[in-house]
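Novice: Following this line is run-v5.cif, made up of mmCIF, C-alpha atoms:
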data_coords
#
loop_
_atom_site.label_atom_id
_atom_site.label_comp_id
_atom_site.auth_asym_id
_atom_site.auth_seq_id
_atom_site.Cartn_x
_atom_site.Cartn_y
_atom_site.Cartn_z
CA MET V 1017 -3.49 -8.91 23.20
CA ARG V 1018 -3.36 -5.24 24.09
CA PRO V 1019 -6.62 -3.27 24.45
CA LEU V 1020 -7.95 -2.04 21.12
CA VAL V 1021 -10.28 0.83 20.34
CA PHE V 1022 -12.87 0.00 17.67
CA ASP V 1023 -13.16 3.42 16.08
CA GLY V 1024 -14.14 4.02 12.49
CA VAL V 1025 -15.51 1.82 9.73
CA GLY V 1026 -14.09 0.59 6.46
CA THR V 1027 -15.23 -1.31 3.39
CA VAL V 1028 -17.82 -4.08 3.20
CA VAL V 1029 -17.64 -6.54 0.31
CA ALA V 1030 -20.21 -9.26 -0.36
CA PHE V 1031 -19.47 -12.28 -2.59
CA ASP V 1032 -21.82 -14.94 -3.86
CA LEU V 1033 -20.89 -18.46 -2.79
CA ALA V 1034 -19.05 -18.97 -6.10
CA GLY V 1035 -16.66 -16.13 -5.19
CA LYS V 1036 -18.02 -13.41 -7.49
CA VAL V 1037 -18.27 -9.89 -6.06
CA LYS V 1038 -21.90 -8.85 -5.57
CA TYR V 1039 -21.66 -5.63 -3.56
CA VAL V 1040 -19.01 -3.14 -2.42
CA GLU V 1041 -19.71 -0.32 0.05
CA ASP V 1042 -17.03 2.03 1.38
CA LYS V 1043 -19.42 4.43 3.08
CA VAL V 1044 -20.38 2.16 5.96
CA THR V 1045 -21.37 4.21 9.01
CA LYS V 1046 -21.90 1.34 11.42
CA LEU V 1047 -21.37 -2.40 11.63
CA THR V 1048 -22.61 -4.31 14.66
CA LEU V 1049 -21.59 -7.92 15.28
CA GLN V 1050 -23.51 -9.68 18.04
CA LEU V 1051 -22.15 -13.12 18.97
CA GLN V 1052 -24.40 -14.90 21.39
CA PHE V 1053 -25.79 -18.23 22.50
CA ASP V 1054 -29.43 -18.98 23.03
CA TRP V 1055 -28.90 -20.77 26.33
CA GLN V 1056 -31.74 -22.82 27.74
CA ALA V 1057 -31.23 -22.96 31.49
CA VAL V 1058 -32.10 -26.13 33.37
CA MET V 1059 -31.36 -25.70 37.07
CA GLY V 1060 -31.58 -27.96 40.08
CA GLY V 1061 -33.10 -26.72 43.28
CA ASP V 1062 -33.65 -28.28 46.65
CA SER V 1063 -33.37 -31.71 45.04
CA GLY V 1064 -29.59 -31.55 45.36
CA TYR V 1065 -28.91 -32.07 41.63
CA ALA V 1066 -26.27 -29.74 40.18
CA PHE V 1067 -27.69 -27.19 37.80
CA HIS V 1068 -26.63 -27.29 34.15
CA TYR V 1069 -27.32 -25.48 30.89
CA THR V 1070 -28.47 -26.85 27.57
CA ALA V 1071 -27.18 -24.84 24.60
CA GLY V 1072 -29.65 -24.12 21.85
CA ASP V 1073 -28.90 -22.84 18.34
CA LEU V 1074 -26.48 -19.99 17.87
CA GLN V 1075 -28.18 -16.65 17.38
CA ASP V 1076 -25.32 -14.61 15.89
CA LYS V 1077 -26.50 -11.41 14.25
CA VAL V 1078 -24.87 -8.77 12.08
CA SER V 1079 -26.26 -5.31 11.37
CA ILE V 1080 -24.74 -3.02 8.72
CA GLU V 1081 -25.67 0.64 8.37
CA VAL V 1082 -24.89 2.65 5.23
CA PRO V 1083 -25.93 6.22 4.33
CA ARG V 1084 -27.25 5.38 0.88
CA TYR V 1085 -29.49 2.90 -0.90
CA SER V 1086 -28.35 0.25 -3.35
CA PRO V 1087 -30.56 -2.26 -5.19
CA ILE V 1088 -27.94 -4.90 -4.37
CA ILE V 1089 -28.78 -4.41 -0.68
CA ALA V 1090 -32.39 -5.22 -1.50
CA ASP V 1091 -31.21 -8.30 -3.39
CA MET V 1092 -28.98 -9.46 -0.51
CA SER V 1093 -31.38 -8.84 2.34
CA GLN V 1094 -34.76 -9.46 0.72
CA GLY V 1095 -34.23 -11.61 -2.36
CA ALA V 1096 -35.43 -8.79 -4.60
CA THR V 1097 -34.75 -8.70 -8.34
CA THR V 1098 -33.43 -5.64 -10.18
CA LYS V 1099 -33.54 -4.99 -13.92
CA ARG V 1100 -33.05 -2.18 -16.44
CA ILE V 1101 -36.15 -0.99 -18.28
CA THR V 1102 -35.93 1.20 -21.39
CA ASP V 1103 -39.37 2.80 -21.02
CA MET V 1104 -40.02 2.67 -17.28
CA GLU V 1105 -43.24 4.50 -16.35
CA PHE V 1106 -43.58 7.04 -13.53
CA ASP V 1107 -46.77 8.47 -12.00
CA GLU V 1108 -46.60 12.25 -11.56
CA THR V 1109 -48.72 14.88 -9.82
CA GLU V 1110 -48.22 18.62 -10.32
CA GLN V 1111 -50.01 21.74 -9.14
CA GLY V 1112 -49.79 25.12 -10.83
CA LEU V 1113 -51.69 28.05 -12.31
CA LEU V 1114 -53.22 28.32 -15.75
CA GLY V 1115 -51.47 31.40 -17.06
CA ALA V 1116 -52.16 33.41 -20.19
CA ASP V 1117 -50.14 30.83 -22.11
CA GLY V 1118 -51.60 27.85 -20.24
CA TYR V 1119 -49.49 25.45 -18.15
CA THR V 1120 -46.75 23.06 -19.29
CA ILE V 1121 -45.96 19.99 -17.19
CA LYS V 1122 -42.42 19.98 -15.81
CA ALA V 1123 -41.27 16.46 -14.88
CA PRO V 1124 -40.51 15.09 -18.40
CA THR V 1125 -38.24 18.07 -19.12
CA LYS V 1126 -36.63 18.01 -15.68
CA TYR V 1127 -35.79 14.29 -15.87
CA THR V 1128 -35.31 14.08 -19.67
CA GLY V 1129 -38.27 11.74 -19.98
CA THR V 1130 -41.20 11.37 -22.40
CA PHE V 1131 -44.78 12.41 -21.63
CA ASN V 1132 -47.22 9.51 -22.09
CA GLU V 1133 -50.08 10.89 -24.14
CA GLU V 1134 -53.67 10.28 -22.96
CA SER V 1135 -52.46 9.45 -19.43
CA ASP V 1136 -53.40 12.89 -18.08
CA GLN V 1137 -56.19 14.18 -15.85
CA VAL V 1138 -56.64 17.89 -15.14
CA TYR V 1139 -58.62 19.30 -12.20
CA ILE V 1140 -59.63 22.86 -11.43
CA VAL V 1141 -58.99 23.49 -7.73
CA ASP V 1142 -61.19 25.74 -5.60
CA VAL V 1143 -58.65 27.42 -3.31
CA ASP V 1144 -61.31 28.17 -0.68
CA THR V 1145 -62.88 24.71 -0.36
CA ASP V 1146 -60.08 22.60 -1.88
CA GLU V 1147 -62.73 21.02 -4.11
CA ARG V 1148 -61.38 19.54 -7.33
CA THR V 1149 -63.44 19.56 -10.54
CA LEU V 1150 -62.30 17.16 -13.25
CA LEU V 1151 -62.07 18.72 -16.70
CA THR V 1152 -62.71 16.83 -19.93
CA ARG V 1153 -59.94 16.53 -22.51
CA VAL V 1154 -60.89 17.72 -26.00
CA ALA V 1155 -58.95 18.12 -29.23
CA SER V 1156 -59.50 21.88 -29.60
CA THR V 1157 -61.48 24.96 -28.48
CA PRO V 1158 -62.06 23.97 -24.84
CA THR V 1159 -64.86 25.42 -22.70
CA ASP V 1160 -64.47 26.20 -18.98
CA GLN V 1161 -65.23 22.50 -18.30
CA GLN V 1162 -62.65 21.26 -20.80
CA TYR V 1163 -58.95 21.42 -21.64
CA THR V 1164 -56.50 20.58 -24.39
CA ILE V 1165 -53.01 19.16 -23.99
CA SER V 1166 -50.22 18.96 -26.55
CA ALA V 1167 -47.76 16.13 -27.19
CA ILE V 1168 -45.21 17.85 -24.93
CA GLY V 1169 -47.74 18.37 -22.11
CA LYS V 1170 -48.84 21.98 -22.62
CA ILE V 1171 -52.32 22.45 -21.07
CA ALA V 1172 -54.83 25.11 -22.16
CA SER V 1173 -58.43 25.85 -21.24
CA SER V 1174 -60.96 28.66 -21.76
CA ASP V 1175 -60.32 32.27 -20.75
CA ALA V 1176 -62.65 31.73 -17.77
CA ASN V 1177 -60.08 29.37 -16.21
CA LYS V 1178 -57.02 31.56 -16.71
CA GLY V 1179 -55.33 32.35 -13.41
CA ARG V 1180 -57.02 29.44 -11.65
CA GLU V 1181 -55.15 26.72 -9.81
CA ILE V 1182 -55.02 23.29 -11.40
CA LEU V 1183 -53.96 19.80 -10.34
CA VAL V 1184 -52.50 17.56 -13.06
CA THR V 1185 -51.88 13.82 -12.84
CA TYR V 1186 -50.13 11.99 -15.67
CA LYS V 1187 -47.54 9.37 -16.56
CA TRP V 1188 -44.16 9.77 -18.19
CA SER V 1189 -41.39 7.36 -19.17
CA LYS V 1190 -37.62 7.10 -19.33
CA GLU V 1191 -34.92 4.45 -19.04
CA GLY V 1192 -34.34 3.39 -15.45
CA THR V 1193 -33.87 0.65 -12.88
CA GLU V 1194 -36.64 -1.27 -11.15
CA THR V 1195 -36.27 -3.33 -7.97
CA ALA V 1196 -39.15 -5.76 -7.52
CA PHE V 1197 -40.16 -7.52 -4.28
CA ASP V 1198 -42.17 -10.74 -4.69
CA GLY V 1199 -44.45 -12.02 -1.96
CA ASN V 1200 -42.61 -15.37 -1.89
CA ARG V 1201 -39.10 -13.96 -2.32
CA ARG V 1202 -36.13 -15.84 -0.87
CA PRO V 1203 -32.74 -14.22 -0.27
CA ALA V 1204 -29.62 -16.04 -1.44
CA PRO V 1205 -26.74 -16.70 1.00
CA PHE V 1206 -23.43 -14.89 0.48
CA LYS V 1207 -19.97 -14.40 1.96
CA LEU V 1208 -19.18 -11.03 3.55
CA THR V 1209 -15.89 -9.37 4.46
CA HIS V 1210 -15.46 -6.14 6.39
CA ARG V 1211 -11.99 -4.59 6.14
CA PHE V 1212 -11.29 -1.67 8.45
CA GLU V 1213 -8.68 -0.39 10.87
CA LEU V 1214 -8.74 0.39 14.55
CA ILE V 1215 -6.36 2.17 16.89
CA ASP V 1216 -3.92 0.44 19.21
CA ASP V 1217 -4.80 1.97 22.56
CA LYS V 1218 -1.18 1.73 23.73
CA SER V 1219 0.79 2.97 20.72
CA GLY V 1220 -1.88 4.97 18.89
CA ASN V 1221 -0.96 3.22 15.65
CA PRO V 1222 -3.56 1.97 13.17
CA ILE V 1223 -4.16 -1.79 13.16
CA PRO V 1224 -5.67 -3.61 10.14
CA VAL V 1225 -8.69 -5.74 10.97
CA GLN V 1226 -10.88 -8.00 8.86
CA VAL V 1227 -14.17 -9.59 9.83
CA THR V 1228 -15.14 -12.49 7.57
CA ILE V 1229 -18.54 -14.16 7.62
CA PHE V 1230 -18.33 -17.21 5.40
CA LYS V 1231 -22.06 -17.66 4.91
CA ALA V 1232 -24.68 -15.05 5.77
CA LEU V 1233 -28.32 -14.63 4.90
CA GLY V 1234 -30.30 -11.42 4.77
CA GLY V 1235 -32.77 -11.43 7.62
CA GLY V 1236 -35.11 -9.13 9.46
CA THR V 1237 -36.17 -6.03 7.53
CA LEU V 1238 -34.64 -3.78 4.92
CA ASP V 1239 -34.87 -0.31 6.43
CA VAL V 1240 -34.91 2.46 3.86
CA SER V 1241 -36.02 5.67 5.50
CA GLN V 1242 -36.50 9.12 4.04
CA GLU V 1243 -36.73 12.16 6.25
CA ARG V 1244 -36.63 15.76 5.15
CA LYS V 1245 -33.23 17.46 5.50
CA LYS V 1246 -31.65 14.36 7.02
CA PRO V 1247 -29.40 11.84 5.28
CA SER V 1248 -30.97 8.53 4.36
CA THR V 1249 -29.64 5.52 6.27
CA THR V 1250 -30.11 1.92 5.18
CA THR V 1251 -29.70 -0.90 7.68
CA ILE V 1252 -29.29 -4.54 6.67
CA ASP V 1253 -29.76 -7.24 9.28
CA LEU V 1254 -27.98 -10.50 8.53
CA GLN V 1255 -28.04 -13.95 10.10
CA VAL V 1256 -24.86 -16.01 10.34
CA MET V 1257 -25.23 -19.53 8.93
CA GLU V 1258 -23.23 -22.75 9.19
CA PRO V 1259 -21.00 -22.57 6.09
CA GLY V 1260 -19.47 -26.04 5.83
CA ARG V 1261 -15.86 -26.60 4.76
CA SER V 1262 -14.32 -25.00 1.67
CA ALA V 1263 -10.91 -24.21 0.21
CA ASP V 1264 -10.75 -20.80 1.89
CA ASN V 1265 -12.36 -22.12 5.08
CA PRO V 1266 -11.03 -25.64 5.64
CA GLU V 1267 -12.04 -25.66 9.32
CA GLY V 1268 -15.62 -24.71 8.51
CA HIS V 1269 -15.66 -21.64 10.75
CA ALA V 1270 -18.80 -19.51 10.74
CA MET V 1271 -16.73 -16.32 10.97
CA THR V 1272 -13.27 -15.03 11.79
CA ILE V 1273 -11.76 -11.76 13.04
CA LYS V 1274 -8.16 -11.06 11.99
CA PHE V 1275 -5.97 -8.48 13.73
CA GLY V 1276 -2.72 -7.25 12.19
CA ILE V 1277 -0.98 -6.98 15.56
#
Would you encode the structure as C-alpha coordinates?
Specialist:
Amino acid sequence: MRPLVFDGVGTVVAFDLAGKVKYVEDKVTKLTLQLQFDWQAVMGGDSGYAFHYTAGDLQDKVSIEVPRYSPIIADMSQGATTKRITDMEFDETEQGLLGADGYTIKAPTKYTGTFNEESDQVYIVDVDTDERTLLTRVASTPTDQQYTISAIGKIASSDANKGREILVTYKWSKEGTETAFDGNRRPAPFKLTHRFELIDDKSGNPIPVQVTIFKALGGGTLDVSQERKKPSTTTIDLQVMEPGRSADNPEGHAMTIKFGI
(Lines of atoms letter the chains of each structure in order from A and count residues from 1; the text may use other names and numbers.)
(Lines give C-alpha, C1' and ligand atoms only; values in the text may rest on other atoms or scores of the structure.)
Protein backbone atom coordinates (compact mmCIF):
# COMPACT_ATOMS: atom_id res chain seq x y z
CA MET A 1 0.00 0.00 0.00
CA ARG A 2 1.21 3.50 -0.76
CA PRO A 3 2.59 5.67 2.06
CA LEU A 4 -0.15 7.44 4.00
CA VAL A 5 -0.01 10.59 6.10
CA PHE A 6 -2.02 10.34 9.33
CA ASP A 7 -3.11 13.95 9.60
CA GLY A 8 -6.26 15.10 11.33
CA VAL A 9 -8.81 13.41 13.56
CA GLY A 10 -12.44 12.51 13.11
CA THR A 11 -15.31 11.13 15.16
CA VAL A 12 -15.14 8.64 18.03
CA VAL A 13 -18.22 6.58 18.83
CA ALA A 14 -18.51 4.20 21.79
CA PHE A 15 -21.16 1.46 21.95
CA ASP A 16 -22.08 -0.80 24.83
CA LEU A 17 -21.66 -4.50 24.09
CA ALA A 18 -25.36 -4.72 23.16
CA GLY A 19 -24.78 -2.25 20.32
CA LYS A 20 -26.37 0.86 21.85
CA VAL A 21 -24.55 4.17 21.35
CA LYS A 22 -23.06 5.45 24.61
CA TYR A 23 -20.84 8.34 23.53
CA VAL A 24 -20.15 10.42 20.41
CA GLU A 25 -17.30 12.93 20.16
CA ASP A 26 -16.43 14.85 16.99
CA LYS A 27 -13.94 17.21 18.61
CA VAL A 28 -11.17 14.67 19.11
CA THR A 29 -7.77 16.38 19.10
CA LYS A 30 -5.62 13.27 19.37
CA LEU A 31 -5.96 9.50 19.24
CA THR A 32 -2.93 7.33 19.94
CA LEU A 33 -2.98 3.59 19.23
CA GLN A 34 -0.03 1.65 20.62
CA LEU A 35 0.16 -1.98 19.49
CA GLN A 36 2.86 -3.87 21.29
CA PHE A 37 3.93 -7.18 22.75
CA ASP A 38 5.27 -7.68 26.23
CA TRP A 39 8.12 -9.93 25.13
CA GLN A 40 9.97 -11.89 27.77
CA ALA A 41 13.43 -12.57 26.40
CA VAL A 42 15.13 -15.87 27.16
CA MET A 43 18.55 -16.00 25.51
CA GLY A 44 21.26 -18.60 25.27
CA GLY A 45 24.85 -17.68 25.83
CA ASP A 46 28.06 -19.61 25.73
CA SER A 47 26.08 -22.81 26.24
CA GLY A 48 25.46 -23.02 22.51
CA TYR A 49 21.64 -23.11 22.80
CA ALA A 50 19.84 -20.83 20.33
CA PHE A 51 18.17 -17.88 21.97
CA HIS A 52 14.38 -17.59 21.84
CA TYR A 53 11.61 -15.32 23.07
CA THR A 54 8.56 -16.13 25.13
CA ALA A 55 5.60 -13.86 24.36
CA GLY A 56 3.64 -12.57 27.31
CA ASP A 57 0.21 -10.92 27.27
CA LEU A 58 -0.54 -8.25 24.72
CA GLN A 59 -0.24 -4.74 26.09
CA ASP A 60 -2.17 -2.78 23.46
CA LYS A 61 -3.11 0.70 24.62
CA VAL A 62 -5.32 3.45 23.25
CA SER A 63 -5.29 7.08 24.36
CA ILE A 64 -7.98 9.56 23.26
CA GLU A 65 -7.68 13.31 23.82
CA VAL A 66 -10.69 15.64 23.58
CA PRO A 67 -10.92 19.37 24.38
CA ARG A 68 -13.99 19.10 26.58
CA TYR A 69 -15.40 17.09 29.45
CA SER A 70 -18.34 14.70 29.24
CA PRO A 71 -19.82 12.65 32.10
CA ILE A 72 -19.97 9.71 29.69
CA ILE A 73 -16.16 9.78 29.56
CA ALA A 74 -16.12 9.39 33.33
CA ASP A 75 -18.57 6.50 33.00
CA MET A 76 -16.48 4.78 30.30
CA SER A 77 -13.07 5.23 31.86
CA GLN A 78 -13.85 5.12 35.58
CA GLY A 79 -17.17 3.36 36.05
CA ALA A 80 -18.72 6.55 37.42
CA THR A 81 -22.48 7.07 37.64
CA THR A 82 -24.26 10.21 36.45
CA LYS A 83 -27.76 11.36 37.37
CA ARG A 84 -30.00 14.43 37.18
CA ILE A 85 -30.88 16.12 40.47
CA THR A 86 -33.69 18.67 40.74
CA ASP A 87 -32.30 20.49 43.79
CA MET A 88 -28.55 19.93 43.54
CA GLU A 89 -26.65 21.89 46.20
CA PHE A 90 -23.59 24.06 45.57
CA ASP A 91 -21.16 25.55 48.11
CA GLU A 92 -20.38 29.21 47.40
CA THR A 93 -17.89 31.75 48.72
CA GLU A 94 -18.09 35.47 47.93
CA GLN A 95 -16.18 38.55 49.01
CA GLY A 96 -17.50 42.10 48.81
CA LEU A 97 -18.14 45.35 50.65
CA LEU A 98 -21.04 46.19 52.92
CA GLY A 99 -22.41 49.26 51.18
CA ALA A 100 -25.03 51.72 52.37
CA ASP A 101 -27.66 49.24 51.17
CA GLY A 102 -25.81 46.18 52.48
CA TYR A 103 -24.58 43.36 50.23
CA THR A 104 -26.62 40.91 48.13
CA ILE A 105 -25.13 37.53 47.23
CA LYS A 106 -24.69 37.03 43.49
CA ALA A 107 -24.46 33.33 42.56
CA PRO A 108 -28.18 32.38 42.83
CA THR A 109 -29.13 35.23 40.47
CA LYS A 110 -26.23 34.58 38.10
CA TYR A 111 -27.02 30.85 37.77
CA THR A 112 -30.82 31.10 38.24
CA GLY A 113 -30.62 29.09 41.44
CA THR A 114 -32.25 29.30 44.88
CA PHE A 115 -30.50 30.53 48.03
CA ASN A 116 -30.64 27.94 50.83
CA GLU A 117 -31.75 29.82 53.91
CA GLU A 118 -29.78 29.37 57.16
CA SER A 119 -26.78 27.98 55.25
CA ASP A 120 -24.88 31.28 55.44
CA GLN A 121 -21.89 32.50 57.44
CA VAL A 122 -20.69 36.11 57.28
CA TYR A 123 -17.23 37.29 58.32
CA ILE A 124 -15.85 40.79 58.70
CA VAL A 125 -12.38 40.87 57.13
CA ASP A 126 -9.54 43.00 58.48
CA VAL A 127 -7.80 44.14 55.28
CA ASP A 128 -4.52 44.76 57.14
CA THR A 129 -4.19 41.44 58.98
CA ASP A 130 -6.58 39.31 56.88
CA GLU A 131 -8.22 38.27 60.15
CA ARG A 132 -11.82 37.12 59.80
CA THR A 133 -14.39 37.75 62.54
CA LEU A 134 -17.54 35.63 62.37
CA LEU A 135 -20.75 37.60 62.79
CA THR A 136 -23.90 36.22 64.40
CA ARG A 137 -27.11 36.03 62.38
CA VAL A 138 -30.10 37.74 63.99
CA ALA A 139 -33.65 38.40 62.84
CA SER A 140 -33.47 42.20 63.02
CA THR A 141 -31.57 45.27 64.31
CA PRO A 142 -28.02 43.87 64.11
CA THR A 143 -25.11 45.26 66.13
CA ASP A 144 -21.55 45.51 64.78
CA GLN A 145 -21.10 41.82 65.78
CA GLN A 146 -24.28 40.70 64.04
CA TYR A 147 -26.00 40.65 60.64
CA THR A 148 -29.35 39.97 59.04
CA ILE A 149 -29.99 38.22 55.74
CA SER A 150 -33.17 38.12 53.69
CA ALA A 151 -34.71 35.20 51.79
CA ILE A 152 -32.99 36.38 48.60
CA GLY A 153 -29.59 36.74 50.31
CA LYS A 154 -29.41 40.46 51.07
CA ILE A 155 -27.01 41.03 54.00
CA ALA A 156 -27.14 44.01 56.37
CA SER A 157 -25.27 44.93 59.54
CA SER A 158 -24.84 47.99 61.77
CA ASP A 159 -23.64 51.37 60.50
CA ALA A 160 -20.25 50.65 62.09
CA ASN A 161 -19.65 47.88 59.52
CA LYS A 162 -20.66 49.85 56.44
CA GLY A 163 -17.82 50.05 53.93
CA ARG A 164 -16.02 47.09 55.47
CA GLU A 165 -15.00 44.00 53.55
CA ILE A 166 -16.94 40.81 54.20
CA LEU A 167 -16.55 37.13 53.33
CA VAL A 168 -19.77 35.16 52.83
CA THR A 169 -20.11 31.38 52.61
CA TYR A 170 -23.48 29.79 51.82
CA LYS A 171 -25.26 27.10 49.84
CA TRP A 172 -27.64 27.42 46.92
CA SER A 173 -29.52 24.93 44.76
CA LYS A 174 -30.66 24.37 41.20
CA GLU A 175 -31.33 21.48 38.83
CA GLY A 176 -28.14 19.91 37.54
CA THR A 177 -26.07 16.82 36.79
CA GLU A 178 -23.92 14.94 39.27
CA THR A 179 -21.17 12.45 38.39
CA ALA A 180 -20.28 10.24 41.35
CA PHE A 181 -17.09 8.16 41.75
CA ASP A 182 -17.32 5.22 44.16
CA GLY A 183 -14.26 3.79 45.86
CA ASN A 184 -15.02 0.31 44.46
CA ARG A 185 -16.16 1.46 41.01
CA ARG A 186 -15.71 -0.85 38.02
CA PRO A 187 -15.81 0.38 34.42
CA ALA A 188 -17.91 -1.53 31.90
CA PRO A 189 -16.35 -2.76 28.62
CA PHE A 190 -17.50 -1.18 25.34
CA LYS A 191 -16.89 -1.20 21.60
CA LEU A 192 -15.20 1.85 20.06
CA THR A 193 -14.97 3.09 16.48
CA HIS A 194 -12.87 5.99 15.23
CA ARG A 195 -13.82 7.25 11.77
CA PHE A 196 -11.47 9.77 10.20
CA GLU A 197 -9.65 10.49 6.96
CA LEU A 198 -6.02 10.78 6.05
CA ILE A 199 -4.17 12.03 2.98
CA ASP A 200 -2.73 9.80 0.28
CA ASP A 201 0.87 10.94 0.15
CA LYS A 202 1.06 10.24 -3.59
CA SER A 203 -2.20 11.69 -4.92
CA GLY A 204 -3.07 14.14 -2.13
CA ASN A 205 -6.61 12.75 -2.05
CA PRO A 206 -8.47 12.08 1.20
CA ILE A 207 -8.74 8.42 2.21
CA PRO A 208 -11.46 7.14 4.60
CA VAL A 209 -10.13 5.20 7.56
CA GLN A 210 -11.85 3.43 10.44
CA VAL A 211 -10.26 2.02 13.57
CA THR A 212 -12.50 -0.47 15.38
CA ILE A 213 -11.78 -1.82 18.84
CA PHE A 214 -14.29 -4.57 19.52
CA LYS A 215 -13.87 -4.63 23.29
CA ALA A 216 -12.11 -1.93 25.31
CA LEU A 217 -11.98 -1.08 28.97
CA GLY A 218 -11.28 2.26 30.54
CA GLY A 219 -7.91 2.09 32.24
CA GLY A 220 -5.31 4.33 33.79
CA THR A 221 -6.57 7.73 34.91
CA LEU A 222 -9.23 10.17 33.80
CA ASP A 223 -7.34 13.42 33.26
CA VAL A 224 -9.51 16.49 33.59
CA SER A 225 -7.31 19.55 33.89
CA GLN A 226 -8.24 23.19 34.31
CA GLU A 227 -5.73 25.92 33.64
CA ARG A 228 -6.43 29.61 33.40
CA LYS A 229 -6.76 30.95 29.84
CA LYS A 230 -6.03 27.55 28.31
CA PRO A 231 -8.53 25.09 26.84
CA SER A 232 -9.38 22.08 28.97
CA THR A 233 -8.19 18.74 27.58
CA THR A 234 -9.51 15.38 28.71
CA THR A 235 -7.50 12.22 28.05
CA ILE A 236 -8.97 8.73 28.31
CA ASP A 237 -6.63 5.76 28.46
CA LEU A 238 -8.14 2.48 27.30
CA GLN A 239 -6.99 -1.12 27.39
CA VAL A 240 -7.77 -3.47 24.50
CA MET A 241 -9.41 -6.72 25.60
CA GLU A 242 -10.00 -10.11 23.99
CA PRO A 243 -13.52 -9.72 22.55
CA GLY A 244 -14.53 -13.24 21.54
CA ARG A 245 -16.52 -13.96 18.39
CA SER A 246 -19.71 -12.11 17.45
CA ALA A 247 -21.89 -11.43 14.42
CA ASP A 248 -19.95 -8.30 13.47
CA ASN A 249 -16.62 -9.89 14.41
CA PRO A 250 -16.78 -13.55 13.40
CA GLU A 251 -13.00 -13.97 13.50
CA GLY A 252 -12.77 -12.61 17.04
CA HIS A 253 -10.28 -9.87 16.18
CA ALA A 254 -9.28 -7.50 18.97
CA MET A 255 -9.23 -4.55 16.55
CA THR A 256 -9.18 -3.70 12.86
CA ILE A 257 -8.01 -0.76 10.73
CA LYS A 258 -9.84 -0.24 7.43
CA PHE A 259 -8.45 1.89 4.60
CA GLY A 260 -10.61 3.03 1.69
CA ILE A 261 -7.78 2.70 -0.82
Novice: Using the chain letters and numbers from this file, what does the PyMOL selection byres ((chain V and resi 1042) around 9) select? Give the answer as a list of chain:residue names.
Specialist: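 Written out, the selection comes to V:Val1025, V:Gly1026, V:Thr1027, V:Val1028, V:Val1029, V:Val1040, V:Glu1041, V:Lys1043, V:Val1044, V:Val1082.
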Novice: Neighbours of Glu1191 (chain V) within 12 Å (all atoms listed in the file; same-chain residues fewer than 6 positions away dropped), as number ranges by chain?
Specialist: V: 1099-1106, 1127-1130
Novice: Once the PyMOL selection byres ((chain V and resi 1158) around 12) is applied to the coordinates I shared, what remains selected? I want it as a ChimeraX atom specification.
Specialist: /V:1151-1157,1159-1165,1171-1177
Novice: If the PyMOL selection byres ((chain V and resi 1197-1200) around 12) is run on the structure shown, which residues does it catch, given as a PyMOL selection string?
Specialist: chain V and resi 1087+1090-1099+1194-1196+1201-1203+1238
Novice: Centre and edge lengths of an axis-aligned box around all listed atoms of region 1160-1168 of chain V, with 8 Å added on each side, are to be given in Å to one decimal, as AutoDock Vina command-line options.
Specialist:
--center_x -55.2 --center_y 21.2 --center_z -22.7 --size_x 36.0 --size_y 26.1 --size_z 24.9
Novice: Smallest atom-to-atom distance to Ile1089 (chain V): which of V:Asp1142, V:Gly1234, V:Gly1118, V:Lys1126, using only C-alpha atoms?
Specialist: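 Distance minimum relative to Ile1089 (chain V) lands on V:Gly1234.
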Novice: Between V:Lys1207, V:Pro1224, V:Gly1115, V:Glu1258, which has the minimum distance to Lys1178 (chain V) (counting only C-alpha atoms)?
Specialist: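 Looking only at the distances to Lys1178 (chain V), the closest residue turns out to be V:Gly1115.
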Novice: Find the distance between CA of Lys1170 (chain V) and CA of Tyr1119 (chain V) and write it in Å to one decimal.
Specialist: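 If I compute the distance from CA of Lys1170 (chain V) to CA of Tyr1119 (chain V), I get 5.7 Å.
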Novice: Could you check which residues have any atom within 10 Å of (-13.7, 0.9, 12.0), counting only C-alpha atoms with coordinates taken straight from the file, and then list them as a list of chain:residue names?
Specialist: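 Every residue inside that radius is included here: V:Val1021, V:Phe1022, V:Asp1023, V:Gly1024, V:Val1025, V:Gly1026, V:Thr1027, V:Val1044, V:Thr1045, V:Lys1046, V:Leu1047, V:His1210, V:Arg1211, V:Phe1212, V:Glu1213, V:Leu1214, V:Ile1215, V:Ile1223, V:Pro1224, V:Val1225, V:Gln1226.
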Novice: For CA of Phe1275 (chain V) and CA of Pro1083 (chain V), determine how far apart the two atoms are, in Å to one decimal place.
Specialist: 26.5 Å
Novice: How far is it from CA of Pro1247 (chain V) to CA of Tyr1039 (chain V), in Å with one decimal?
Specialist: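 We find that CA of Pro1247 (chain V) and CA of Tyr1039 (chain V) lie 21.1 Å from each other.
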Novice: Around (-59.9, 11.1, -13.9) in the file's frame, which residues reach within 10 Å when counting all atoms listed in the file? Return as a list in words?
Specialist: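 Applying the cut-off with all atoms listed in the file, one gets Ser1135, Asp1136, Gln1137, Val1138, Tyr1139, Thr1149, Leu1150, Leu1151, Thr1152, Val1184, Thr1185 and Tyr1186 of chain V.
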